[in-house]
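Asks: Sharing protein_35.cif (mmCIF, C-alpha atoms and all ligand atoms; chains and numbers go by the auth columns) below.
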```cif
data_work
#
loop_
_atom_site.group_PDB
_atom_site.id
_atom_site.type_symbol
_atom_site.label_atom_id
_atom_site.label_comp_id
_atom_site.label_asym_id
_atom_site.label_seq_id
_atom_site.Cartn_x
_atom_site.Cartn_y
_atom_site.Cartn_z
_atom_site.B_iso_or_equiv
_atom_site.auth_seq_id
_atom_site.auth_asym_id
ATOM 1 C CA MET A 1 4.694 3.970 20.775 0.00 1 A
ATOM 2 C CA ALA A 2 2.159 2.598 18.256 0.00 2 A
ATOM 3 C CA SER A 3 3.619 4.703 15.436 0.00 3 A
ATOM 4 C CA ALA A 4 7.110 3.519 16.402 0.00 4 A
ATOM 5 C CA ILE A 5 6.005 -0.115 16.051 0.00 5 A
ATOM 6 C CA THR A 6 4.314 0.413 12.675 0.00 6 A
ATOM 7 C CA GLY A 7 7.255 2.497 11.475 0.00 7 A
ATOM 8 C CA LEU A 8 9.693 -0.206 12.523 0.00 8 A
ATOM 9 C CA THR A 9 7.622 -2.796 10.662 0.00 9 A
ATOM 10 C CA ASP A 10 7.635 -0.730 7.461 0.00 10 A
ATOM 11 C CA TRP A 11 11.345 0.040 7.833 0.00 11 A
ATOM 12 C CA SER A 12 12.265 -3.637 8.242 0.00 12 A
ATOM 13 C CA GLU A 13 11.037 -4.279 4.685 0.00 13 A
ATOM 14 C CA THR A 14 12.781 -1.381 2.983 0.00 14 A
ATOM 15 C CA GLY A 15 16.194 -1.194 1.384 0.00 15 A
ATOM 16 C CA GLY A 16 18.697 1.275 -0.040 0.00 16 A
ATOM 17 C CA ARG A 17 17.976 4.961 0.450 0.00 17 A
ATOM 18 C CA SER A 18 14.670 4.329 2.247 0.00 18 A
ATOM 19 C CA ARG A 19 16.403 2.105 4.784 0.00 19 A
ATOM 20 C CA ARG A 20 19.091 4.712 5.479 0.00 20 A
ATOM 21 C CA THR A 21 16.568 7.535 5.752 0.00 21 A
ATOM 22 C CA GLY A 22 14.386 5.443 8.048 0.00 22 A
ATOM 23 C CA LEU A 23 17.340 4.607 10.283 0.00 23 A
ATOM 24 C CA VAL A 24 18.268 8.273 10.738 0.00 24 A
ATOM 25 C CA HIS A 25 14.586 9.142 11.271 0.00 25 A
ATOM 26 C CA GLY A 26 14.309 6.532 14.019 0.00 26 A
ATOM 27 C CA LEU A 27 17.550 7.563 15.750 0.00 27 A
ATOM 28 C CA LEU A 28 16.488 11.215 15.736 0.00 28 A
ATOM 29 C CA ASN A 29 13.167 10.242 17.310 0.00 29 A
ATOM 30 C CA VAL A 30 15.006 8.370 20.057 0.00 30 A
ATOM 31 C CA ALA A 31 17.296 11.357 20.640 0.00 31 A
ATOM 32 C CA ALA A 32 14.366 13.789 20.787 0.00 32 A
ATOM 33 C CA THR A 33 12.527 11.553 23.250 0.00 33 A
ATOM 34 C CA ALA A 34 15.636 11.331 25.441 0.00 34 A
ATOM 35 C CA LEU A 35 16.027 15.124 25.447 0.00 35 A
ATOM 36 C CA PHE A 36 12.372 15.698 26.369 0.00 36 A
ATOM 37 C CA THR A 37 12.736 13.189 29.198 0.00 37 A
ATOM 38 C CA ALA A 38 15.922 14.891 30.421 0.00 38 A
ATOM 39 C CA SER A 39 14.180 18.256 30.260 0.00 39 A
ATOM 40 C CA TRP A 40 11.360 16.930 32.430 0.00 40 A
ATOM 41 C CA PHE A 41 13.814 15.760 35.100 0.00 41 A
ATOM 42 C CA GLU A 42 15.791 19.016 34.976 0.00 42 A
ATOM 43 C CA ARG A 43 12.655 21.078 35.527 0.00 43 A
ATOM 44 C CA GLY A 44 11.762 18.844 38.458 0.00 44 A
ATOM 45 C CA ASN A 45 15.190 19.494 39.981 0.00 45 A
ATOM 46 C CA ASP A 46 14.795 23.286 39.993 0.00 46 A
ATOM 47 C CA SER A 47 16.842 23.743 36.789 0.00 47 A
ATOM 48 C CA ALA A 48 14.066 25.377 34.790 0.00 48 A
ATOM 49 C CA SER A 49 16.281 27.367 32.421 0.00 49 A
ATOM 50 C CA ARG A 50 18.445 24.359 31.647 0.00 50 A
ATOM 51 C CA GLY A 51 15.317 22.266 31.187 0.00 51 A
ATOM 52 C CA ARG A 52 13.992 24.773 28.639 0.00 52 A
ATOM 53 C CA LEU A 53 17.257 24.650 26.692 0.00 53 A
ATOM 54 C CA THR A 54 17.178 20.870 26.645 0.00 54 A
ATOM 55 C CA ALA A 55 13.568 20.928 25.457 0.00 55 A
ATOM 56 C CA TRP A 56 14.430 23.330 22.613 0.00 56 A
ATOM 57 C CA ALA A 57 17.191 20.980 21.527 0.00 57 A
ATOM 58 C CA GLY A 58 14.571 18.217 21.513 0.00 58 A
ATOM 59 C CA TYR A 59 12.215 20.339 19.372 0.00 59 A
ATOM 60 C CA ALA A 60 14.989 21.012 16.839 0.00 60 A
ATOM 61 C CA ILE A 61 15.809 17.327 16.507 0.00 61 A
ATOM 62 C CA ALA A 62 12.121 16.389 16.321 0.00 62 A
ATOM 63 C CA ALA A 63 11.653 18.898 13.475 0.00 63 A
ATOM 64 C CA GLY A 64 14.506 17.309 11.534 0.00 64 A
ATOM 65 C CA SER A 65 13.035 13.885 12.157 0.00 65 A
ATOM 66 C CA ALA A 66 9.595 15.043 10.991 0.00 66 A
ATOM 67 C CA TYR A 67 11.127 16.308 7.739 0.00 67 A
ATOM 68 C CA LEU A 68 12.687 12.904 7.088 0.00 68 A
ATOM 69 C CA GLY A 69 9.392 11.187 7.962 0.00 69 A
ATOM 70 C CA GLY A 70 7.603 13.335 5.386 0.00 70 A
ATOM 71 C CA ASP A 71 10.205 12.448 2.770 0.00 71 A
ATOM 72 C CA LEU A 72 9.716 8.741 3.511 0.00 72 A
ATOM 73 C CA VAL A 73 5.940 8.934 3.039 0.00 73 A
ATOM 74 C CA TYR A 74 5.521 11.547 0.306 0.00 74 A
ATOM 75 C CA GLY A 75 8.849 11.279 -1.495 0.00 75 A
ATOM 76 C CA GLN A 76 9.721 7.604 -1.197 0.00 76 A
ATOM 77 C CA ARG A 77 6.170 6.243 -0.759 0.00 77 A
ATOM 78 C CA ILE A 78 6.927 4.134 2.301 0.00 78 A
ATOM 79 C CA GLY A 79 3.784 3.140 4.198 0.00 79 A
ATOM 80 C CA VAL A 80 1.411 4.120 1.385 0.00 80 A
ATOM 81 C CA THR A 81 -0.250 1.985 -1.245 0.00 81 A
ATOM 82 C CA HIS A 82 1.866 1.008 -4.245 0.00 82 A
ATOM 83 C CA ALA A 83 -1.141 -0.015 -6.255 0.00 83 A
ATOM 84 C CA ALA A 84 -2.786 3.273 -7.223 0.00 84 A
ATOM 85 C CA ILE A 85 -4.683 2.983 -10.493 0.00 85 A
ATOM 86 C CA GLU A 86 -6.071 5.739 -12.675 0.00 86 A
ATOM 87 C CA GLU A 87 -6.877 4.120 -16.035 0.00 87 A
ATOM 88 C CA PRO A 88 -8.762 2.812 -17.901 0.00 88 A
ATOM 89 C CA GLU A 89 -11.968 4.723 -17.099 0.00 89 A
ATOM 90 C CA ALA A 90 -14.100 3.004 -19.759 0.00 90 A
ATOM 91 C CA PHE A 91 -14.333 -0.732 -20.419 0.00 91 A
ATOM 92 C CA THR A 92 -11.191 -1.713 -22.284 0.00 92 A
ATOM 93 C CA ALA A 93 -10.209 -5.139 -23.613 0.00 93 A
ATOM 94 C CA VAL A 94 -7.059 -6.412 -21.904 0.00 94 A
ATOM 95 C CA ALA A 95 -7.059 -10.136 -22.785 0.00 95 A
ATOM 96 C CA GLN A 96 -8.891 -12.884 -24.593 0.00 96 A
ATOM 97 C CA SER A 97 -11.199 -15.026 -22.458 0.00 97 A
ATOM 98 C CA SER A 98 -9.219 -18.083 -23.541 0.00 98 A
ATOM 99 C CA ASP A 99 -6.064 -16.523 -22.052 0.00 99 A
ATOM 100 C CA VAL A 100 -7.445 -17.016 -18.535 0.00 100 A
ATOM 101 C CA PRO A 101 -8.698 -20.596 -18.115 0.00 101 A
ATOM 102 C CA GLU A 102 -10.431 -21.756 -14.946 0.00 102 A
ATOM 103 C CA GLY A 103 -8.191 -21.647 -11.857 0.00 103 A
ATOM 104 C CA SER A 104 -5.485 -19.486 -13.437 0.00 104 A
ATOM 105 C CA MET A 105 -4.050 -15.983 -13.135 0.00 105 A
ATOM 106 C CA LYS A 106 -2.636 -13.772 -15.849 0.00 106 A
ATOM 107 C CA ARG A 107 -0.878 -10.430 -15.953 0.00 107 A
ATOM 108 C CA ALA A 108 -2.497 -8.159 -18.499 0.00 108 A
ATOM 109 C CA ARG A 109 -1.482 -4.708 -19.601 0.00 109 A
ATOM 110 C CA LYS A 110 -3.301 -1.863 -21.233 0.00 110 A
ATOM 111 C CA ASP A 111 -1.242 1.247 -21.896 0.00 111 A
ATOM 112 C CA ASP A 112 0.470 1.965 -18.558 0.00 112 A
ATOM 113 C CA VAL A 113 -1.871 -0.155 -16.448 0.00 113 A
ATOM 114 C CA ASP A 114 -0.918 -3.599 -15.145 0.00 114 A
ATOM 115 C CA VAL A 115 -3.902 -5.763 -14.272 0.00 115 A
ATOM 116 C CA LEU A 116 -4.134 -9.133 -12.543 0.00 116 A
ATOM 117 C CA LEU A 117 -6.835 -11.323 -14.071 0.00 117 A
ATOM 118 C CA ALA A 118 -7.971 -14.438 -12.208 0.00 118 A
ATOM 119 C CA ARG A 119 -10.747 -16.861 -13.063 0.00 119 A
ATOM 120 C CA GLN A 120 -12.442 -18.929 -10.374 0.00 120 A
ATOM 121 C CA HIS A 121 -15.789 -20.706 -10.438 0.00 121 A
ATOM 122 C CA GLY A 122 -16.251 -19.417 -13.974 0.00 122 A
ATOM 123 C CA ARG A 123 -15.971 -15.774 -12.964 0.00 123 A
ATOM 124 C CA VAL A 124 -13.170 -13.389 -13.857 0.00 124 A
ATOM 125 C CA CYS A 125 -11.864 -10.965 -11.231 0.00 125 A
ATOM 126 C CA ALA A 126 -9.435 -8.126 -11.904 0.00 126 A
ATOM 127 C CA LEU A 127 -7.161 -6.385 -9.409 0.00 127 A
ATOM 128 C CA ALA A 128 -4.251 -4.012 -9.700 0.00 128 A
ATOM 129 C CA HIS A 129 -1.252 -6.192 -10.479 0.00 129 A
ATOM 130 C CA THR A 130 1.190 -4.273 -8.270 0.00 130 A
ATOM 131 C CA CYS A 131 0.843 -5.223 -4.595 0.00 131 A
ATOM 132 C CA ALA A 132 -0.403 -2.382 -2.405 0.00 132 A
ATOM 133 C CA HIS A 133 2.230 -3.232 0.211 0.00 133 A
ATOM 134 C CA LEU A 134 5.577 -2.706 -1.519 0.00 134 A
ATOM 135 C CA GLY A 135 4.865 -3.425 -5.161 0.00 135 A
ATOM 136 C CA GLY A 136 5.164 -7.205 -5.501 0.00 136 A
ATOM 137 C CA PRO A 137 3.916 -8.852 -8.744 0.00 137 A
ATOM 138 C CA LEU A 138 0.666 -10.561 -7.780 0.00 138 A
ATOM 139 C CA SER A 139 0.514 -12.764 -10.894 0.00 139 A
ATOM 140 C CA GLU A 140 3.618 -14.551 -9.564 0.00 140 A
ATOM 141 C CA GLY A 141 1.889 -15.246 -6.261 0.00 141 A
ATOM 142 C CA THR A 142 -0.479 -18.004 -5.201 0.00 142 A
ATOM 143 C CA LEU A 143 -4.109 -18.248 -6.223 0.00 143 A
ATOM 144 C CA LYS A 144 -6.260 -19.557 -3.385 0.00 144 A
ATOM 145 C CA ASP A 145 -10.002 -20.060 -3.204 0.00 145 A
ATOM 146 C CA GLY A 146 -11.284 -16.479 -3.333 0.00 146 A
ATOM 147 C CA SER A 147 -7.936 -14.784 -2.773 0.00 147 A
ATOM 148 C CA VAL A 148 -4.427 -14.160 -4.069 0.00 148 A
ATOM 149 C CA VAL A 149 -1.241 -14.240 -1.973 0.00 149 A
ATOM 150 C CA CYS A 150 1.617 -11.876 -2.848 0.00 150 A
ATOM 151 C CA PRO A 151 4.930 -13.655 -3.562 0.00 151 A
ATOM 152 C CA TRP A 152 7.067 -11.083 -1.752 0.00 152 A
ATOM 153 C CA HIS A 153 5.783 -10.863 1.835 0.00 153 A
ATOM 154 C CA GLY A 154 2.643 -12.988 1.832 0.00 154 A
ATOM 155 C CA SER A 155 -0.110 -10.372 1.941 0.00 155 A
ATOM 156 C CA GLU A 156 -3.425 -11.940 0.958 0.00 156 A
ATOM 157 C CA PHE A 157 -6.146 -10.027 -0.876 0.00 157 A
ATOM 158 C CA ALA A 158 -9.748 -11.039 -1.577 0.00 158 A
ATOM 159 C CA LEU A 159 -10.343 -11.429 -5.295 0.00 159 A
ATOM 160 C CA ASP A 160 -13.807 -9.922 -5.295 0.00 160 A
ATOM 161 C CA ASP A 161 -13.133 -6.628 -3.531 0.00 161 A
ATOM 162 C CA GLY A 162 -9.388 -6.444 -2.846 0.00 162 A
ATOM 163 C CA ARG A 163 -9.745 -6.291 0.936 0.00 163 A
ATOM 164 C CA VAL A 164 -6.764 -7.397 3.010 0.00 164 A
ATOM 165 C CA LEU A 165 -7.235 -10.897 4.431 0.00 165 A
ATOM 166 C CA ASN A 166 -3.688 -11.180 5.771 0.00 166 A
ATOM 167 C CA GLY A 167 -0.912 -8.588 6.157 0.00 167 A
ATOM 168 C CA PRO A 168 1.599 -7.111 6.214 0.00 168 A
ATOM 169 C CA ALA A 169 -0.370 -4.997 3.706 0.00 169 A
ATOM 170 C CA THR A 170 -2.743 -2.621 5.445 0.00 170 A
ATOM 171 C CA GLN A 171 -4.389 -1.063 2.396 0.00 171 A
ATOM 172 C CA ALA A 172 -6.845 -2.802 0.107 0.00 172 A
ATOM 173 C CA GLN A 173 -5.789 -3.814 -3.380 0.00 173 A
ATOM 174 C CA PRO A 174 -7.615 -1.701 -5.991 0.00 174 A
ATOM 175 C CA THR A 175 -9.981 -3.706 -8.168 0.00 175 A
ATOM 176 C CA PHE A 176 -11.574 -3.252 -11.569 0.00 176 A
ATOM 177 C CA ASP A 177 -15.042 -3.853 -12.889 0.00 177 A
ATOM 178 C CA VAL A 178 -14.875 -6.772 -15.308 0.00 178 A
ATOM 179 C CA ARG A 179 -16.989 -8.037 -18.168 0.00 179 A
ATOM 180 C CA GLU A 180 -16.524 -10.546 -20.957 0.00 180 A
ATOM 181 C CA GLN A 181 -17.812 -9.682 -24.398 0.00 181 A
ATOM 182 C CA ALA A 182 -17.229 -11.370 -27.746 0.00 182 A
ATOM 183 C CA GLY A 183 -14.492 -13.558 -26.295 0.00 183 A
ATOM 184 C CA ALA A 184 -12.589 -10.670 -24.725 0.00 184 A
ATOM 185 C CA ILE A 185 -12.065 -9.679 -21.086 0.00 185 A
ATOM 186 C CA GLU A 186 -12.709 -5.988 -20.544 0.00 186 A
ATOM 187 C CA VAL A 187 -11.968 -3.959 -17.409 0.00 187 A
ATOM 188 C CA LYS A 188 -12.535 -0.481 -16.112 0.00 188 A
ATOM 189 C CA VAL A 189 -11.923 1.354 -12.865 0.00 189 A
ATOM 190 C CA PRO A 190 -15.021 1.636 -10.664 0.00 190 A
ATOM 191 C CA ARG A 191 -16.000 5.235 -9.954 0.00 191 A
ATOM 192 C CA VAL A 192 -15.326 4.821 -6.216 0.00 192 A
ATOM 193 C CA ASP A 193 -11.716 3.812 -6.916 0.00 193 A
ATOM 194 C CA ARG A 194 -11.073 6.753 -9.230 0.00 194 A
ATOM 195 C CA VAL A 195 -12.009 9.101 -6.394 0.00 195 A
ATOM 196 C CA THR A 196 -10.592 7.406 -3.305 0.00 196 A
ATOM 197 C CA GLN A 197 -8.231 4.697 -4.594 0.00 197 A
ATOM 198 C CA HIS A 198 -9.924 2.393 -2.091 0.00 198 A
ATOM 199 C CA ARG A 199 -12.480 -0.362 -2.511 0.00 199 A
ATOM 200 C CA SER A 200 -15.718 0.028 -0.605 0.00 200 A
ATOM 201 C CA ARG A 201 -18.401 -1.542 -2.755 0.00 201 A
ATOM 202 C CA PRO A 202 -20.215 -4.804 -1.919 0.00 202 A
ATOM 203 C CA SER A 203 -18.650 -7.918 -3.375 0.00 203 A
ATOM 204 C CA GLY A 204 -21.702 -8.888 -5.435 0.00 204 A
ATOM 205 C CA ARG A 205 -21.350 -6.004 -7.874 0.00 205 A
ATOM 206 C CA LEU A 206 -18.573 -7.426 -9.979 0.00 206 A
ATOM 207 C CA VAL A 207 -19.752 -7.751 -13.572 0.00 207 A
ATOM 208 C CA ALA A 208 -18.907 -11.004 -15.292 0.00 208 A
ATOM 209 C CA GLY A 209 -20.304 -13.536 -17.669 0.00 209 A
ATOM 210 C CA GLY A 210 -21.090 -13.293 -21.286 0.00 210 A
HETATM 211 S S1 LIG B . 4.955 -6.510 -1.689 0.00 1 B
HETATM 212 FE FE1 LIG B . 4.896 -7.046 0.417 0.00 1 B
HETATM 213 S S2 LIG B . 3.201 -8.379 0.536 0.00 1 B
HETATM 214 FE FE2 LIG B . 3.221 -7.766 -1.517 0.00 1 B
#
```
As structure tokens, how would this structure be written, given the file I've shared?
Ligand code: FES

Replies:
Amino acid sequence: MASAITGLTDWSETGGRSRRTGLVHGLLNVAATALFTASWFERGNDSASRGRLTAWAGYAIAAGSAYLGGDLVYGQRIGVTHAAIEEPEAFTAVAQSSDVPEGSMKRARKDDVDVLLARQHGRVCALAHTCAHLGGPLSEGTLKDGSVVCPWHGSEFALDDGRVLNGPATQAQPTFDVREQAGAIEVKVPRVDRVTQHRSRPSGRLVAGG
């Protein structure tokens, strides 16, 4: 039941092929559940052989549904983070310090990496620009005190460590180590993120200043 609720929540925010696949996946799950229930009643009414046949039909439908569920997660990336980051691994300049004045956000790019830069209380924070939920552009969202709100569905992430403050996102937003040197903002992926793609470090470790 819990997975049905979370699946329904994810499905409600999809479109196109993912929405169609999710609909068939859900209907097959309902059909399989109905067949297993019917099988249970048939066995209780002394129709064991018929109950077994009904159960096998349920298994076949459940297998088809499981295949579609795998395609949704691994093929279409529904219900997984959309903010995986792999580069840069060494400090790399992505903007001038003057590009990010106090209380502002900026989208920066280095090679294939989109980075959200935000300056508050004199400190620069850097997160993956693509929302972990379904890929919204965080620089077009709202900067609050200590957090950023995604413009698409309202997920709120802490600036210092990317943790989810408000859903629907369930996975933390990847963050970068930041430093300012010679008037430039430089970022790199923390080692923990390169391995797990998840933030787990204490908030006080962010490097800033200069
Ligand atoms: S894309 Fe859904 S909250 Fe950001």

Asks: With all atoms listed in the file as the atoms that count, which of A:Ala32, A:Arg50, A:Leu68, A:Ala63 lies nearest to Arg19 in chain A?

Replies: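 Among the listed residues, the smallest separation from Arg19 in chain A belongs to A:Leu68.
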
Asks: Contacts of range 89-105 of chain A at 8 Å or less, counting only C-alpha atoms, minus same-chain residues fewer than 6 places along, as number ranges by chain?

Replies: A: 116-122, 139, 143, 178, 180, 183-190

Asks: Grab me every residue within 9 Å of ligand LIG 1 (chain B), counting only C-alpha atoms and all ligand atoms, and send it over as a list in words.

Replies: Glu13, His82, Thr130, Cys131, Ala132, His133, Leu134, Gly135, Gly136, Pro137, Leu138, Gly141, Val149, Cys150, Pro151, Trp152, His153, Gly154, Ser155, Glu156, Gly167, Pro168 and Ala169 of chain A

Asks: Report, in Å with one decimal, the straight-line distance from CA of Ser3 in chain A to CA of Ser147 in chain A.

Replies: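 Separation between CA of Ser3 in chain A and CA of Ser147 in chain A: 29.1 Å.
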
Asks: Extract, using only C-alpha atoms, all DNA, RNA and protein residues at most 7 Å from range 28-30 of chain A, discarding same-chain residues fewer than 5 positions from it, and format them as a list in words.

Replies: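 Neighbouring residues, sequence-local ones excluded: Ile61, Ala62 and Ser65 of chain A.
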
Asks: Choose the residue, out of A:Asp145, A:Ala55, A:Phe157, A:Asp177, that has the smallest atom-to-atom separation from Thr37 in chain A; count only C-alpha atoms.

Replies: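 Smallest distance to Thr37 in chain A is found for A:Ala55.
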
Asks: Excluding Gly162 in chain A and its own-chain neighbours fewer than 2 positions away, which residues fall within 10 Å of it when counting only C-alpha atoms? Please give them as a short mmCIF file (atom, residue, chain, number, x, y, z; two decimals) with C-alpha atoms, in the coordinates of the input.

Replies:
```cif
data_model
loop_
_atom_site.label_atom_id
_atom_site.label_comp_id
_atom_site.auth_asym_id
_atom_site.auth_seq_id
_atom_site.Cartn_x
_atom_site.Cartn_y
_atom_site.Cartn_z
CA CYS A 125 -11.86 -10.96 -11.23
CA ALA A 126 -9.44 -8.13 -11.90
CA LEU A 127 -7.16 -6.38 -9.41
CA ALA A 128 -4.25 -4.01 -9.70
CA ALA A 132 -0.40 -2.38 -2.40
CA SER A 147 -7.94 -14.78 -2.77
CA VAL A 148 -4.43 -14.16 -4.07
CA GLU A 156 -3.42 -11.94 0.96
CA PHE A 157 -6.15 -10.03 -0.88
CA ALA A 158 -9.75 -11.04 -1.58
CA LEU A 159 -10.34 -11.43 -5.30
CA ASP A 160 -13.81 -9.92 -5.30
CA VAL A 164 -6.76 -7.40 3.01
CA LEU A 165 -7.24 -10.90 4.43
CA GLN A 171 -4.39 -1.06 2.40
CA ALA A 172 -6.84 -2.80 0.11
CA GLN A 173 -5.79 -3.81 -3.38
CA PRO A 174 -7.62 -1.70 -5.99
CA THR A 175 -9.98 -3.71 -8.17
CA PHE A 176 -11.57 -3.25 -11.57
CA HIS A 198 -9.92 2.39 -2.09
CA ARG A 199 -12.48 -0.36 -2.51
CA SER A 200 -15.72 0.03 -0.60
CA SER A 203 -18.65 -7.92 -3.38
#
```

Asks: Starting from the PyMOL selection byres (((chain A and resi 35) around 8) and not hetatm), expand the selection into actual residues of this file and give them as a list in words.

Replies: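 Selected by the PyMOL selection byres (((chain A and resi 35) around 8) and not hetatm) in this file: Ala31, Ala32, Thr33, Ala34, Phe36, Thr37, Ala38, Ser39, Thr54, Ala55, Ala57 and Gly58 of chain A.
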
Asks: CA of Val124 in chain A and CA of Ala182 in chain A, how far apart in Å?

Replies: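 Going from CA of Ala182 in chain A over to CA of Val124 in chain A, I get 14.6 Å.
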
Asks: Using all atoms listed in the file, which of the listed residues (A:Arg52, A:Ser47, A:Gly146, A:Gly26) sits closest to Gly64 in chain A?

Replies: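 Under the stated criterion, the closest residue is A:Gly26.
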
Asks: For the file shown, report as a ChimeraX atom specification the outcome of the PyMOL selection byres (((chain A and resi 22) around 10) and not hetatm) at residue level.

Replies: /A:7-8,10-12,14-15,17-21,23-28,65,68-69,71-72,78

Asks: Could you tell me how far CA of Gln181 in chain A lies from CA of Asp161 in chain A, in Å and to one decimal?

Replies: 21.6 Å

Asks: Could you check which of A:Arg43, A:Asp111, A:Arg123, A:Ala48 is closest to Arg179 in chain A, using all atoms listed in the file?

Replies: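 Closest to Arg179 in chain A of all the choices is A:Arg123.
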
Asks: What box, with edges along x, y and z, holds each listed atom of range 122-134 of chain A when 3 Å is added on every side, and can you state its centre and edge lengths in Å to one decimal, as lines of an AutoDock Vina configuration file?

Replies:
```
center_x = -5.3
center_y = -10.9
center_z = -6.9
size_x = 27.8
size_y = 23.0
size_z = 20.2
```
